[in-house]
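Novice: Once you've had a glance at the structure underneath, I'll fire off some questions.
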Protein chains: 2
Amino acid sequence: MGQNILDYETVALQDEASVLVIVDQTRLPNETRLLRLTTQKEIWQAIYLLQVRGAPAIGVTAAYGFYLAAKEINTEDYQEFLARLQPAKEYLNSARPTAVNLSWALNRMHRVARCSEALGVAAAKQCLLREARAIQAEDIETCRRIGEYGLSLLKPGYGLLTHCNAGQLATSKYGTATASMYLGQQRGYHFHVYCDETRPLLQGARLTAFELSEAGIDVTLICDNMAASVMKNGWVNAVFTGCDRVAANGDAANKIGTLPLAIAARRFGVPFYICAPTSTVDMETGSGEAIHIEQRPPEEVTDMWYRERMAPEHVKVYNPAFDVTDADLITAIITEYGIVYPPYTQSLAAIMKQKAAQDK
Amino acid sequence: MGQNILDYETVALQDEASVLVIVDQTRLPNETRLLRLTTQKEIWQAIYLLQVRGAPAIGVTAAYGFYLAAKEINTEDYQEFLARLQPAKEYLNSARPTAVNLSWALNRMHRVARCSEALGVAAAKQCLLREARAIQAEDIETCRRIGEYGLSLLKPGYGLLTHCNAGQLATSKYGTATASMYLGQQRGYHFHVYCDETRPLLQGARLTAFELSEAGIDVTLICDNMAASVMKNGWVNAVFTGCDRVAANGDAANKIGTLPLAIAARRFGVPFYICAPTSTVDMETGSGEAIHIEQRPPEEVTDMWYRERMAPEHVKVYNPAFDVTDADLITAIITEYGIVYPPYTQSLAAIMKQKAAQDK
């Protein structure tokens, strides 16, 4: 990854916009292998195989994939161009069926294609390239703004704790939960970051500890069940986690293991912050009770990386991918439009209104 | 292990008191291999290699080891008998230098040897056999009584949650945290037990899930960071854990990950019980702050069973073996002399006084 991960983008279009370069996240942390993707099939595989992961990074990858697919269509006939784009969109969309950002980015690209007929095929392709770059630029800007708002809550030398990977590797740059850490690092804040390994898939150990170390940040890896002790020791000034969905009342679904962190943080008087781009705020969902929690295969718990059995055969396993942190445990929600404090029903509605006004 | 683990003892002296049979716990859960130990060297190795583990089980194994060492000494000269016992004691004691039960059991055996000179060597050997059997019988009785007291707090059909292995495999029979589960199973209580896998060494997945399954108990394996969700779902009526040391004020040191369970249990109104033989109650230690927490090697966290790296090279790791659960989070402490409730400073002193009176 070179000298400093912040010199790079997780997803980068290179070589006169002909090659998409990503880091193969399935090889981390043992090997930093760059993948050079040129065809829609290679991009589909990279998403499907989790070589690129994290909702924002998947969206950006898919947008570039849509552009590269369009680029390959050799025709001057706009109807044929559109007709051949449709299966490309459906194909890319099938790589991770439940990833909202994937279909969101592809729909946005498709809309640009449909609206550019007057320009002709060649110019439309350039519009698609601009749109994909805009999606990436907006992602970076969202993360940077979350980072700035988050940093306003922190002081140099602070101990921070994070869970899973809401990091640069999950976005185009900066990450969400990690954005304040990177901006602080650039400004000499010298944070001490405790990083939960995040069972069962160890995204914290494999990805977050890796990317923070690469950036030169002081990081200490712990097992998830050690976080309470670290807080009790007085080593943590704030907990920063990402977020998969925020309900209208402020309840927040995130990677399994977030809830016990929030409970322990309350016990030890540590502020608990959720970093949530407004794209994850779901005003249609009233509370966490309405959030469906995905159940994952037992082998993630019983077999280390599907290689070695570490539990008795046939034992029952409960393996939820997410938990819901009750709004009353969340000190504040950090969005790209500002920091939202309780009572969340009012403050989230206000910030979503502000966003809608700015988007006009 | 056969039909039912409760038909067996973790440590069993067989074949006319000439062979110590144990289950090799390093092979569980993938293989149930019985080891037949006859020499002090074999017994030293079994303790050293963690083939037998858990303070009470180690104590019993060492006591039988002392007897088997004595049995091999061919002399009628009592002074020579004693002289040759001394290095055997020191050798066995060196297998796990910090295990209190190991030296406690060996000292108790050695005292019997020193006091039996009038009987002669042959009769003294029989006294040593009786003493080792008494140590084991007392261990079983202690666990059974803890189980009975614990069971008095439970109702049929309850959901229970436990952490690490304070199970039959750590004692001669029943275990401490698991004793109520086994007695309940024999009496048709049909408990549903949630078992924390217990990172980093996975004693919960490898040992507790195994032994509870073997006994036919309904057990569900979870990652440690899922326990809060299980409690929030309303599936847990009580948490039962073991204990390594209880301070005079009721603060309790146990396997890392116990503290966050207790904090989550408080949040969700679930009673949190510590199962503690009075041998773990340390009235000389005023509070948890005085308990030294052992730090373990980073590789336990970064390398799965020392085989595959799952974290970046050179990353810092904090790997405490234990945490201290504050007394105010503990609903009650279950000992073999009864259930102890807050305020613990008074109640623990009273039960230790009661114990001293009964021991006279």
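Chain labels A, B, ... are given in the sequence in which chains occur in the structure tokens; within each chain residues are numbered consecutively from 1, and ligands are likewise numbered from 1 in the order shown.
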Please, which residues in chain B fall within 6 Å of chain A when counting only C-alpha atoms, and what is the closest atom pair and distance in Å to one decimal for each, ordered by chain then residue number, as JSON lines?
Specialist:
```
{"residue": "B:Pro29", "atom": "CA", "partner": "A:Pro312", "partner_atom": "CA", "distance": 5.1}
{"residue": "B:Ala205", "atom": "CA", "partner": "A:Ala311", "partner_atom": "CA", "distance": 4.9}
{"residue": "B:Arg206", "atom": "CA", "partner": "A:Ala311", "partner_atom": "CA", "distance": 5.0}
{"residue": "B:Phe210", "atom": "CA", "partner": "A:Pro312", "partner_atom": "CA", "distance": 5.5}
{"residue": "B:Thr220", "atom": "CA", "partner": "A:Lys316", "partner_atom": "CA", "distance": 4.7}
{"residue": "B:Leu221", "atom": "CA", "partner": "A:Val317", "partner_atom": "CA", "distance": 4.7}
{"residue": "B:Ile222", "atom": "CA", "partner": "A:Tyr318", "partner_atom": "CA", "distance": 5.6}
{"residue": "B:Asn225", "atom": "CA", "partner": "A:Gly257", "partner_atom": "CA", "distance": 4.4}
{"residue": "B:Ala228", "atom": "CA", "partner": "A:Pro260", "partner_atom": "CA", "distance": 5.7}
{"residue": "B:Gly257", "atom": "CA", "partner": "A:Asn225", "partner_atom": "CA", "distance": 4.4}
{"residue": "B:Pro260", "atom": "CA", "partner": "A:Ala228", "partner_atom": "CA", "distance": 5.7}
{"residue": "B:Met310", "atom": "CA", "partner": "A:Arg206", "partner_atom": "CA", "distance": 5.8}
{"residue": "B:Ala311", "atom": "CA", "partner": "A:Ala205", "partner_atom": "CA", "distance": 4.9}
{"residue": "B:Pro312", "atom": "CA", "partner": "A:Pro29", "partner_atom": "CA", "distance": 5.2}
{"residue": "B:Lys316", "atom": "CA", "partner": "A:Thr220", "partner_atom": "CA", "distance": 4.7}
{"residue": "B:Val317", "atom": "CA", "partner": "A:Leu221", "partner_atom": "CA", "distance": 4.7}
{"residue": "B:Tyr318", "atom": "CA", "partner": "A:Ile222", "partner_atom": "CA", "distance": 5.6}
```
Novice: May I have all residues of segment 152-347 of chain A that DSSP, computed from the backbone, assigns to strand (DSSP E), given as a PDB file with N, CA, C and O atoms, in the first residue's frame?
Specialist:
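See out35.pdb below for the written result:
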```pdb
ATOM      1  N   GLY A 159      -7.668   8.696  23.753  1.00  0.00           N
ATOM      2  CA  GLY A 159      -7.824   7.281  23.452  1.00  0.00           C
ATOM      3  C   GLY A 159      -9.179   7.062  22.809  1.00  0.00           C
ATOM      4  O   GLY A 159     -10.190   7.557  23.299  1.00  0.00           O
ATOM      5  N   LEU A 160      -9.197   6.366  21.676  1.00  0.00           N
ATOM      6  CA  LEU A 160     -10.448   6.106  20.960  1.00  0.00           C
ATOM      7  C   LEU A 160     -10.624   4.597  20.813  1.00  0.00           C
ATOM      8  O   LEU A 160      -9.646   3.846  20.817  1.00  0.00           O
ATOM      9  N   LEU A 161     -11.862   4.182  20.674  1.00  0.00           N
ATOM     10  CA  LEU A 161     -12.128   2.759  20.474  1.00  0.00           C
ATOM     11  C   LEU A 161     -13.082   2.606  19.301  1.00  0.00           C
ATOM     12  O   LEU A 161     -14.044   3.370  19.182  1.00  0.00           O
ATOM     13  N   THR A 162     -12.792   1.631  18.416  1.00  0.00           N
ATOM     14  CA  THR A 162     -13.700   1.392  17.296  1.00  0.00           C
ATOM     15  C   THR A 162     -13.915  -0.101  17.100  1.00  0.00           C
ATOM     16  O   THR A 162     -13.203  -0.938  17.673  1.00  0.00           O
ATOM     17  N   HIS A 192      -4.636   7.413  20.418  1.00  0.00           N
ATOM     18  CA  HIS A 192      -4.363   6.003  20.695  1.00  0.00           C
ATOM     19  C   HIS A 192      -5.654   5.252  20.403  1.00  0.00           C
ATOM     20  O   HIS A 192      -6.651   5.454  21.088  1.00  0.00           O
ATOM     21  N   VAL A 193      -5.630   4.427  19.387  1.00  0.00           N
ATOM     22  CA  VAL A 193      -6.870   3.769  18.964  1.00  0.00           C
ATOM     23  C   VAL A 193      -6.874   2.303  19.394  1.00  0.00           C
ATOM     24  O   VAL A 193      -5.943   1.552  19.093  1.00  0.00           O
ATOM     25  N   TYR A 194      -7.931   1.892  20.109  1.00  0.00           N
ATOM     26  CA  TYR A 194      -8.163   0.494  20.435  1.00  0.00           C
ATOM     27  C   TYR A 194      -9.136  -0.059  19.407  1.00  0.00           C
ATOM     28  O   TYR A 194     -10.179   0.539  19.148  1.00  0.00           O
ATOM     29  N   CYS A 195      -8.756  -1.179  18.838  1.00  0.00           N
ATOM     30  CA  CYS A 195      -9.493  -1.728  17.703  1.00  0.00           C
ATOM     31  C   CYS A 195     -10.017  -3.116  18.067  1.00  0.00           C
ATOM     32  O   CYS A 195      -9.237  -4.042  18.281  1.00  0.00           O
ATOM     33  N   ASP A 196     -11.340  -3.247  18.163  1.00  0.00           N
ATOM     34  CA  ASP A 196     -11.955  -4.563  18.410  1.00  0.00           C
ATOM     35  C   ASP A 196     -11.670  -5.493  17.233  1.00  0.00           C
ATOM     36  O   ASP A 196     -11.865  -5.109  16.079  1.00  0.00           O
ATOM     37  N   ASP A 218      -1.261   5.097  16.124  1.00  0.00           N
ATOM     38  CA  ASP A 218      -0.980   4.183  17.224  1.00  0.00           C
ATOM     39  C   ASP A 218      -2.222   3.338  17.477  1.00  0.00           C
ATOM     40  O   ASP A 218      -3.236   3.842  17.980  1.00  0.00           O
ATOM     41  N   VAL A 219      -2.155   2.052  17.123  1.00  0.00           N
ATOM     42  CA  VAL A 219      -3.341   1.200  17.235  1.00  0.00           C
ATOM     43  C   VAL A 219      -3.026  -0.034  18.075  1.00  0.00           C
ATOM     44  O   VAL A 219      -1.937  -0.596  17.988  1.00  0.00           O
ATOM     45  N   THR A 220      -3.962  -0.397  18.931  1.00  0.00           N
ATOM     46  CA  THR A 220      -3.830  -1.585  19.765  1.00  0.00           C
ATOM     47  C   THR A 220      -5.011  -2.496  19.498  1.00  0.00           C
ATOM     48  O   THR A 220      -6.165  -2.088  19.643  1.00  0.00           O
ATOM     49  N   LEU A 221      -4.707  -3.712  19.107  1.00  0.00           N
ATOM     50  CA  LEU A 221      -5.754  -4.694  18.800  1.00  0.00           C
ATOM     51  C   LEU A 221      -6.205  -5.383  20.091  1.00  0.00           C
ATOM     52  O   LEU A 221      -5.381  -5.750  20.925  1.00  0.00           O
ATOM     53  N   ILE A 222      -7.518  -5.540  20.239  1.00  0.00           N
ATOM     54  CA  ILE A 222      -8.065  -6.273  21.395  1.00  0.00           C
ATOM     55  C   ILE A 222      -9.160  -7.225  20.908  1.00  0.00           C
ATOM     56  O   ILE A 222      -9.727  -7.033  19.838  1.00  0.00           O
ATOM     57  N   ALA A 238     -13.458   8.259  23.903  1.00  0.00           N
ATOM     58  CA  ALA A 238     -14.650   8.230  23.053  1.00  0.00           C
ATOM     59  C   ALA A 238     -14.663   6.950  22.240  1.00  0.00           C
ATOM     60  O   ALA A 238     -13.612   6.442  21.834  1.00  0.00           O
ATOM     61  N   VAL A 239     -15.869   6.429  22.014  1.00  0.00           N
ATOM     62  CA  VAL A 239     -16.057   5.297  21.106  1.00  0.00           C
ATOM     63  C   VAL A 239     -16.635   5.833  19.803  1.00  0.00           C
ATOM     64  O   VAL A 239     -17.580   6.630  19.814  1.00  0.00           O
ATOM     65  N   PHE A 240     -16.047   5.426  18.680  1.00  0.00           N
ATOM     66  CA  PHE A 240     -16.533   5.801  17.350  1.00  0.00           C
ATOM     67  C   PHE A 240     -16.836   4.525  16.574  1.00  0.00           C
ATOM     68  O   PHE A 240     -15.935   3.716  16.351  1.00  0.00           O
ATOM     69  N   THR A 241     -18.083   4.350  16.152  1.00  0.00           N
ATOM     70  CA  THR A 241     -18.385   3.214  15.289  1.00  0.00           C
ATOM     71  C   THR A 241     -19.120   3.705  14.054  1.00  0.00           C
ATOM     72  O   THR A 241     -19.644   4.825  14.019  1.00  0.00           O
ATOM     73  N   ARG A 245     -27.771   1.206   9.617  1.00  0.00           N
ATOM     74  CA  ARG A 245     -29.045   1.871   9.457  1.00  0.00           C
ATOM     75  C   ARG A 245     -29.440   2.571  10.749  1.00  0.00           C
ATOM     76  O   ARG A 245     -29.337   1.996  11.823  1.00  0.00           O
ATOM     77  N   VAL A 246     -29.871   3.828  10.628  1.00  0.00           N
ATOM     78  CA  VAL A 246     -30.379   4.575  11.786  1.00  0.00           C
ATOM     79  C   VAL A 246     -31.887   4.717  11.616  1.00  0.00           C
ATOM     80  O   VAL A 246     -32.360   5.174  10.569  1.00  0.00           O
ATOM     81  N   ALA A 247     -32.645   4.309  12.634  1.00  0.00           N
ATOM     82  CA  ALA A 247     -34.102   4.479  12.605  1.00  0.00           C
ATOM     83  C   ALA A 247     -34.454   5.916  12.977  1.00  0.00           C
ATOM     84  O   ALA A 247     -33.617   6.674  13.483  1.00  0.00           O
ATOM     85  N   ALA A 252     -29.794   2.485  16.329  1.00  0.00           N
ATOM     86  CA  ALA A 252     -28.832   2.310  15.231  1.00  0.00           C
ATOM     87  C   ALA A 252     -28.394   0.859  15.099  1.00  0.00           C
ATOM     88  O   ALA A 252     -27.884   0.265  16.048  1.00  0.00           O
ATOM     89  N   ALA A 253     -28.597   0.296  13.911  1.00  0.00           N
ATOM     90  CA  ALA A 253     -28.102  -1.056  13.634  1.00  0.00           C
ATOM     91  C   ALA A 253     -26.678  -0.953  13.115  1.00  0.00           C
ATOM     92  O   ALA A 253     -26.380  -0.149  12.236  1.00  0.00           O
ATOM     93  N   ASN A 254     -25.809  -1.754  13.674  1.00  0.00           N
ATOM     94  CA  ASN A 254     -24.420  -1.816  13.208  1.00  0.00           C
ATOM     95  C   ASN A 254     -23.912  -3.226  13.459  1.00  0.00           C
ATOM     96  O   ASN A 254     -24.618  -4.074  14.007  1.00  0.00           O
ATOM     97  N   LYS A 255     -22.685  -3.483  13.062  1.00  0.00           N
ATOM     98  CA  LYS A 255     -22.067  -4.802  13.197  1.00  0.00           C
ATOM     99  C   LYS A 255     -22.286  -5.374  14.600  1.00  0.00           C
ATOM    100  O   LYS A 255     -22.205  -4.661  15.593  1.00  0.00           O
ATOM    101  N   PHE A 272     -20.337   7.806  23.436  1.00  0.00           N
ATOM    102  CA  PHE A 272     -20.477   6.801  22.387  1.00  0.00           C
ATOM    103  C   PHE A 272     -21.067   7.459  21.146  1.00  0.00           C
ATOM    104  O   PHE A 272     -22.212   7.909  21.158  1.00  0.00           O
ATOM    105  N   TYR A 273     -20.269   7.531  20.071  1.00  0.00           N
ATOM    106  CA  TYR A 273     -20.679   8.212  18.844  1.00  0.00           C
ATOM    107  C   TYR A 273     -20.869   7.230  17.697  1.00  0.00           C
ATOM    108  O   TYR A 273     -20.038   6.354  17.474  1.00  0.00           O
ATOM    109  N   ILE A 274     -21.962   7.420  16.985  1.00  0.00           N
ATOM    110  CA  ILE A 274     -22.234   6.670  15.751  1.00  0.00           C
ATOM    111  C   ILE A 274     -21.929   7.600  14.576  1.00  0.00           C
ATOM    112  O   ILE A 274     -22.426   8.734  14.549  1.00  0.00           O
ATOM    113  N   CYS A 275     -21.105   7.141  13.633  1.00  0.00           N
ATOM    114  CA  CYS A 275     -20.817   7.917  12.428  1.00  0.00           C
ATOM    115  C   CYS A 275     -21.722   7.395  11.313  1.00  0.00           C
ATOM    116  O   CYS A 275     -21.581   6.251  10.886  1.00  0.00           O
ATOM    117  N   VAL A 281     -29.594   6.934   7.185  1.00  0.00           N
ATOM    118  CA  VAL A 281     -30.717   7.332   8.040  1.00  0.00           C
ATOM    119  C   VAL A 281     -32.015   6.969   7.330  1.00  0.00           C
ATOM    120  O   VAL A 281     -32.256   7.392   6.202  1.00  0.00           O
ATOM    121  N   ASP A 282     -32.818   6.154   7.976  1.00  0.00           N
ATOM    122  CA  ASP A 282     -34.030   5.616   7.355  1.00  0.00           C
ATOM    123  C   ASP A 282     -35.246   6.112   8.133  1.00  0.00           C
ATOM    124  O   ASP A 282     -35.669   5.500   9.107  1.00  0.00           O
ATOM    125  N   ASP A 303     -16.055 -22.581  12.586  1.00  0.00           N
ATOM    126  CA  ASP A 303     -14.878 -22.973  11.795  1.00  0.00           C
ATOM    127  C   ASP A 303     -14.076 -21.726  11.474  1.00  0.00           C
ATOM    128  O   ASP A 303     -14.596 -20.806  10.854  1.00  0.00           O
ATOM    129  N   MET A 304     -12.824 -21.687  11.882  1.00  0.00           N
ATOM    130  CA  MET A 304     -12.016 -20.515  11.582  1.00  0.00           C
ATOM    131  C   MET A 304     -11.752 -20.463  10.092  1.00  0.00           C
ATOM    132  O   MET A 304     -11.047 -21.296   9.540  1.00  0.00           O
ATOM    133  N   GLU A 308     -10.707 -24.860  10.037  1.00  0.00           N
ATOM    134  CA  GLU A 308     -10.492 -25.745  11.178  1.00  0.00           C
ATOM    135  C   GLU A 308     -11.661 -25.629  12.140  1.00  0.00           C
ATOM    136  O   GLU A 308     -12.052 -24.542  12.542  1.00  0.00           O
ATOM    137  N   ARG A 309     -12.202 -26.767  12.508  1.00  0.00           N
ATOM    138  CA  ARG A 309     -13.356 -26.819  13.407  1.00  0.00           C
ATOM    139  C   ARG A 309     -12.910 -26.461  14.817  1.00  0.00           C
ATOM    140  O   ARG A 309     -11.914 -26.978  15.311  1.00  0.00           O
ATOM    141  N   LYS A 316     -25.712 -26.078  18.015  1.00  0.00           N
ATOM    142  CA  LYS A 316     -26.518 -24.969  17.512  1.00  0.00           C
ATOM    143  C   LYS A 316     -25.729 -23.678  17.632  1.00  0.00           C
ATOM    144  O   LYS A 316     -24.959 -23.496  18.584  1.00  0.00           O
ATOM    145  N   VAL A 317     -25.930 -22.775  16.684  1.00  0.00           N
ATOM    146  CA  VAL A 317     -25.227 -21.489  16.705  1.00  0.00           C
ATOM    147  C   VAL A 317     -26.225 -20.375  16.428  1.00  0.00           C
ATOM    148  O   VAL A 317     -27.113 -20.519  15.581  1.00  0.00           O
ATOM    149  N   PHE A 322     -25.781  -8.272  12.838  1.00  0.00           N
ATOM    150  CA  PHE A 322     -25.898  -6.919  13.382  1.00  0.00           C
ATOM    151  C   PHE A 322     -26.581  -6.952  14.745  1.00  0.00           C
ATOM    152  O   PHE A 322     -27.210  -7.933  15.109  1.00  0.00           O
ATOM    153  N   ASP A 323     -26.414  -5.871  15.492  1.00  0.00           N
ATOM    154  CA  ASP A 323     -27.275  -5.651  16.647  1.00  0.00           C
ATOM    155  C   ASP A 323     -27.775  -4.215  16.591  1.00  0.00           C
ATOM    156  O   ASP A 323     -27.310  -3.412  15.772  1.00  0.00           O
ATOM    157  N   VAL A 324     -28.753  -3.928  17.420  1.00  0.00           N
ATOM    158  CA  VAL A 324     -29.337  -2.587  17.427  1.00  0.00           C
ATOM    159  C   VAL A 324     -28.988  -1.907  18.749  1.00  0.00           C
ATOM    160  O   VAL A 324     -29.293  -2.418  19.826  1.00  0.00           O
ATOM    161  N   THR A 325     -28.315  -0.778  18.653  1.00  0.00           N
ATOM    162  CA  THR A 325     -27.985   0.005  19.834  1.00  0.00           C
ATOM    163  C   THR A 325     -29.129   0.987  20.101  1.00  0.00           C
ATOM    164  O   THR A 325     -29.504   1.767  19.219  1.00  0.00           O
ATOM    165  N   ALA A 332     -24.220  10.925  20.497  1.00  0.00           N
ATOM    166  CA  ALA A 332     -24.547  11.760  19.339  1.00  0.00           C
ATOM    167  C   ALA A 332     -24.348  10.936  18.078  1.00  0.00           C
ATOM    168  O   ALA A 332     -23.612   9.940  18.075  1.00  0.00           O
ATOM    169  N   ILE A 333     -25.020  11.357  17.003  1.00  0.00           N
ATOM    170  CA  ILE A 333     -24.861  10.739  15.684  1.00  0.00           C
ATOM    171  C   ILE A 333     -24.171  11.766  14.795  1.00  0.00           C
ATOM    172  O   ILE A 333     -24.640  12.903  14.666  1.00  0.00           O
ATOM    173  N   ILE A 334     -23.035  11.363  14.215  1.00  0.00           N
ATOM    174  CA  ILE A 334     -22.239  12.299  13.419  1.00  0.00           C
ATOM    175  C   ILE A 334     -22.543  12.062  11.943  1.00  0.00           C
ATOM    176  O   ILE A 334     -22.238  11.001  11.403  1.00  0.00           O
ATOM    177  N   THR A 335     -23.169  13.037  11.282  1.00  0.00           N
ATOM    178  CA  THR A 335     -23.486  12.944   9.854  1.00  0.00           C
ATOM    179  C   THR A 335     -22.655  13.974   9.090  1.00  0.00           C
ATOM    180  O   THR A 335     -21.986  14.827   9.690  1.00  0.00           O
ATOM    181  N   GLY A 338     -23.713  17.489   9.968  1.00  0.00           N
ATOM    182  CA  GLY A 338     -23.553  17.992  11.325  1.00  0.00           C
ATOM    183  C   GLY A 338     -23.764  16.911  12.367  1.00  0.00           C
ATOM    184  O   GLY A 338     -24.071  15.760  12.030  1.00  0.00           O
ATOM    185  N   ILE A 339     -23.590  17.299  13.618  1.00  0.00           N
ATOM    186  CA  ILE A 339     -23.699  16.365  14.738  1.00  0.00           C
ATOM    187  C   ILE A 339     -25.114  16.442  15.295  1.00  0.00           C
ATOM    188  O   ILE A 339     -25.610  17.535  15.589  1.00  0.00           O
ATOM    189  N   VAL A 340     -25.734  15.295  15.413  1.00  0.00           N
ATOM    190  CA  VAL A 340     -27.128  15.226  15.827  1.00  0.00           C
ATOM    191  C   VAL A 340     -27.200  14.694  17.254  1.00  0.00           C
ATOM    192  O   VAL A 340     -26.643  13.636  17.551  1.00  0.00           O
TER     193      VAL A 340
END
```
Novice: Using only C-alpha atoms for the distances, tell me which of B:Val60, B:Ala113, B:Ala99, B:Ala179 is nearest to Ala134 of chain B.
Specialist: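 Using only C-alpha atoms, the shortest distance to Ala134 of chain B belongs to B:Val60.
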Novice: One number please: atom CA of Leu82 of chain A to atom CA of Val21 of chain A, in Å, one decimal.
Specialist: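 These two atoms are separated by 26.3 Å.
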Novice: How many Å lie between atom CA of Thr26 of chain A and atom CA of Leu201 of chain A, rounded to one decimal?
Specialist: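 Between atom CA of Thr26 of chain A and atom CA of Leu201 of chain A the gap is 11.1 Å.
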Novice: Please identify all polymer residues within 6 Å of Ala327 of chain A, counting only C-alpha atoms, omitting same-chain residues fewer than 3 positions from it, and present them as a list in words.
Specialist: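 Near Ala327 of chain A, the qualifying residues are Gly250, Asp251 and Ile330 of chain A.
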Novice: Extract, using only C-alpha atoms, all DNA, RNA and protein residues at most 6 Å from segment 23-25 of chain B, discarding same-chain residues fewer than 2 positions from it, and format them as a PyMOL selection string.
Specialist: chain B and resi 27-28+33-34+51
Novice: Could you tell me, as a ChimeraX atom specification, which residues of segment 64-205 of chain A DSSP assigns to helix (DSSP H, G or I) when given the backbone?
Specialist: /A:64-71,78-93,100-115,117-119,121-151,168-170,179-186,203-205
Novice: So the first atom is atom CA of Met181 of chain A and the second is atom CA of Val270 of chain A; what is the distance between them in Å, to one decimal place?
Specialist: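 That distance, rounded to one decimal, is 17.2 Å.
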Novice: Using only C-alpha atoms, which of B:Ala57, B:Ser152, B:Gln45, B:Tyr337 sits nearest Ala357 of chain B?
Specialist: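 Nearest to Ala357 of chain B: B:Tyr337.
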Novice: Can you tell me which residues surround segment 167-173 of chain A at a distance of at most 9 Å, considering only C-alpha atoms, apart from same-chain residues fewer than 2 positions away, and format the answer as a ChimeraX atom specification?
Specialist: /A:5-6,8-12,23,25,52-60,136-137,139-141,143-144,164-165,175-179,207-208,211-212,242
